[in-house]
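Q: First, the structure itself, so that you have it in front of you.
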Amino acid sequence: MKVGLFVTCLVDLVRPNIGFATLKLLEDAGCEVIVPATQTCCGQPGYNSGAREISQRLARKVLAEFKDCDYVVAPSGSCSGQVKIHYVQDLFRDAAESERIEFEKLSAKWFELSDFLVNVLNLTVSSSEFAAASFPGSITYHDSCAGLREINIKHQPRELLARSGCNLIEMNDAEKCCGFGGTFSIKLGEISTRMADNKCVNIAVTGADAVIGGDLGCLLNIEGRLRRTGDAKTKIYHFAEVLAGMAK
């Protein structure tokens, strides 16, 4: 099985450990992982800002880089939603039939990481193949908006974290936005800050040692607000880092 790994911009530039953790999980599961060296961005920032032509050019680049893979996996619900939903339903909805079909094929074989591990590789809570995580403390989980609302990522990371033996304490309003929202946090900074503050309060109530999520943008936003409000203790990890035993 040839699996393309889409690393994402933020992971590559800010926390590459997530990319290496994803690679480890896929290889440990027996996948032949392909990581195109020329990959950059899925085009979502441009798409959210109305720069459709730029976003389309980047989408065509993604298609060319991953079209020969059996599957494509990304450690991001946000990027995955862009490819699976917005490429097909918007950006290339009125494209020539041949091009539209190619993007439909890409959409069908593209998976967010936890969804791929659970629903394609069947690494569920009962799977003996899944390695135990090494994170010793309690965790709470933040659901990212795009992953949850666009591609239904909710139970998959929780199943995997449960299999790894994590002590998960659910926070209040885990499904509410952290205030990041890509360009939302730039355009509406005061509202974004209030939303992040609400999220930080809910995290504190759990007493968890770490916040876990599936989108680095959310995690960076939450971490930044925690630190600015005086919390230097709570750790922030992508679920891939925990599952791969790379959350220290």
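Residues are named by chain letter and number: chains run A, B, ... in the order of the structure tokens, numbers start at 1 in each chain, and ligands are numbered from 1 in the order shown.
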Could you name the residues that touch Ile212 in chain A at 6 Å or less, counting only C-alpha atoms, but leaving out those on the same chain fewer than 2 positions away, as a PyMOL selection string?
A: chain A and resi 141+237-239
Q: Please build the interface table for range 40-115 of chain A against range 23-33 of chain A with a cut-off of 12 Å, listing for each qualifying residue the nearest atom pair and the distance in Å to one decimal; count only C-alpha atoms, order rows by chain and increasing number, and write it as a Markdown table.
A:
```
| residue | atom | partner | partner_atom | distance |
| --- | --- | --- | --- | --- |
| A:Phe66 | CA | A:Val33 | CA | 11.4 |
| A:Cys69 | CA | A:Val33 | CA | 9.2 |
| A:Asp70 | CA | A:Glu32 | CA | 10.0 |
| A:Tyr71 | CA | A:Val33 | CA | 9.7 |
| A:Val72 | CA | A:Val33 | CA | 9.3 |
| A:Val73 | CA | A:Leu26 | CA | 9.2 |
| A:Ala74 | CA | A:Leu23 | CA | 10.2 |
| A:Pro75 | CA | A:Leu23 | CA | 9.9 |
| A:Leu113 | CA | A:Leu26 | CA | 9.0 |
| A:Ser114 | CA | A:Leu25 | CA | 10.3 |
```
Q: Taking 5 positions as the minimum chain separation for residues in the same chain, which residues sit within 9 Å of Asn221 in chain A when counting only C-alpha atoms? Answer as a list in words.
A: Cys178, Gly179, Phe180, Ala196, Leu216 and Leu226 of chain A
Q: Put those residues in a file: N, CA, C and O atoms, as an mmCIF file, in the first residue's frame.
A:
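This went into part.cif:
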```cif
data_model
loop_
_atom_site.group_PDB
_atom_site.id
_atom_site.type_symbol
_atom_site.label_atom_id
_atom_site.label_comp_id
_atom_site.auth_asym_id
_atom_site.auth_seq_id
_atom_site.Cartn_x
_atom_site.Cartn_y
_atom_site.Cartn_z
ATOM 1 N N CYS A 178 -11.757 27.360 19.163
ATOM 2 C CA CYS A 178 -10.742 27.964 20.034
ATOM 3 C C CYS A 178 -10.477 29.416 19.671
ATOM 4 O O CYS A 178 -9.719 30.108 20.350
ATOM 5 N N GLY A 179 -11.059 29.882 18.552
ATOM 6 C CA GLY A 179 -10.863 31.257 18.121
ATOM 7 C C GLY A 179 -9.845 31.441 17.024
ATOM 8 O O GLY A 179 -9.644 32.554 16.536
ATOM 9 N N PHE A 180 -9.194 30.330 16.606
ATOM 10 C CA PHE A 180 -8.168 30.469 15.564
ATOM 11 C C PHE A 180 -8.814 30.723 14.207
ATOM 12 O O PHE A 180 -8.787 31.827 13.695
ATOM 13 N N ALA A 196 -10.630 32.094 22.749
ATOM 14 C CA ALA A 196 -9.463 31.365 23.259
ATOM 15 C C ALA A 196 -9.448 31.365 24.788
ATOM 16 O O ALA A 196 -9.109 30.353 25.418
ATOM 17 N N LEU A 216 -2.720 21.572 14.116
ATOM 18 C CA LEU A 216 -1.677 22.366 14.758
ATOM 19 C C LEU A 216 -2.069 23.828 14.890
ATOM 20 O O LEU A 216 -1.677 24.493 15.855
ATOM 21 N N LEU A 226 -2.685 30.203 26.490
ATOM 22 C CA LEU A 226 -2.344 29.667 27.815
ATOM 23 C C LEU A 226 -1.105 30.342 28.378
ATOM 24 O O LEU A 226 -1.064 30.741 29.548
#
```
Q: Provide the CA of Gly182 in chain A to CA of Lys109 in chain A distance in Å, to one decimal place.
A: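 Pair CA of Gly182 in chain A / CA of Lys109 in chain A returns 25.0 Å.
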Q: Using DSSP assignments from the backbone, pull out every residue in range 20-225 of chain A that falls under strand (DSSP E) and give it to me as a list of chain:residue names.
A: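 The residues of range 20-225 of chain A classed as strand (DSSP E) are A:Glu32, A:Val33, A:Ile34, A:Tyr71, A:Val72, A:Val73, A:Ala74, A:Trp110, A:Phe111, A:Glu112, A:Ser138, A:Ile139, A:Thr140, A:Tyr141, A:Asn167, A:Leu168, A:Ala210, A:Val211, A:Ile212, A:Gly213.
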Q: One decimal, Å: what's the distance from CA of Val118 in chain A over to CA of Cys177 in chain A, could you say?
A: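 The value is 24.4 Å.
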Q: Name all residues at most 8 Å from Ile169 in chain A (count only C-alpha atoms; drop same-chain ones fewer than 4 positions away) and give them as a ChimeraX atom specification.
A: /A:138-141,206,208
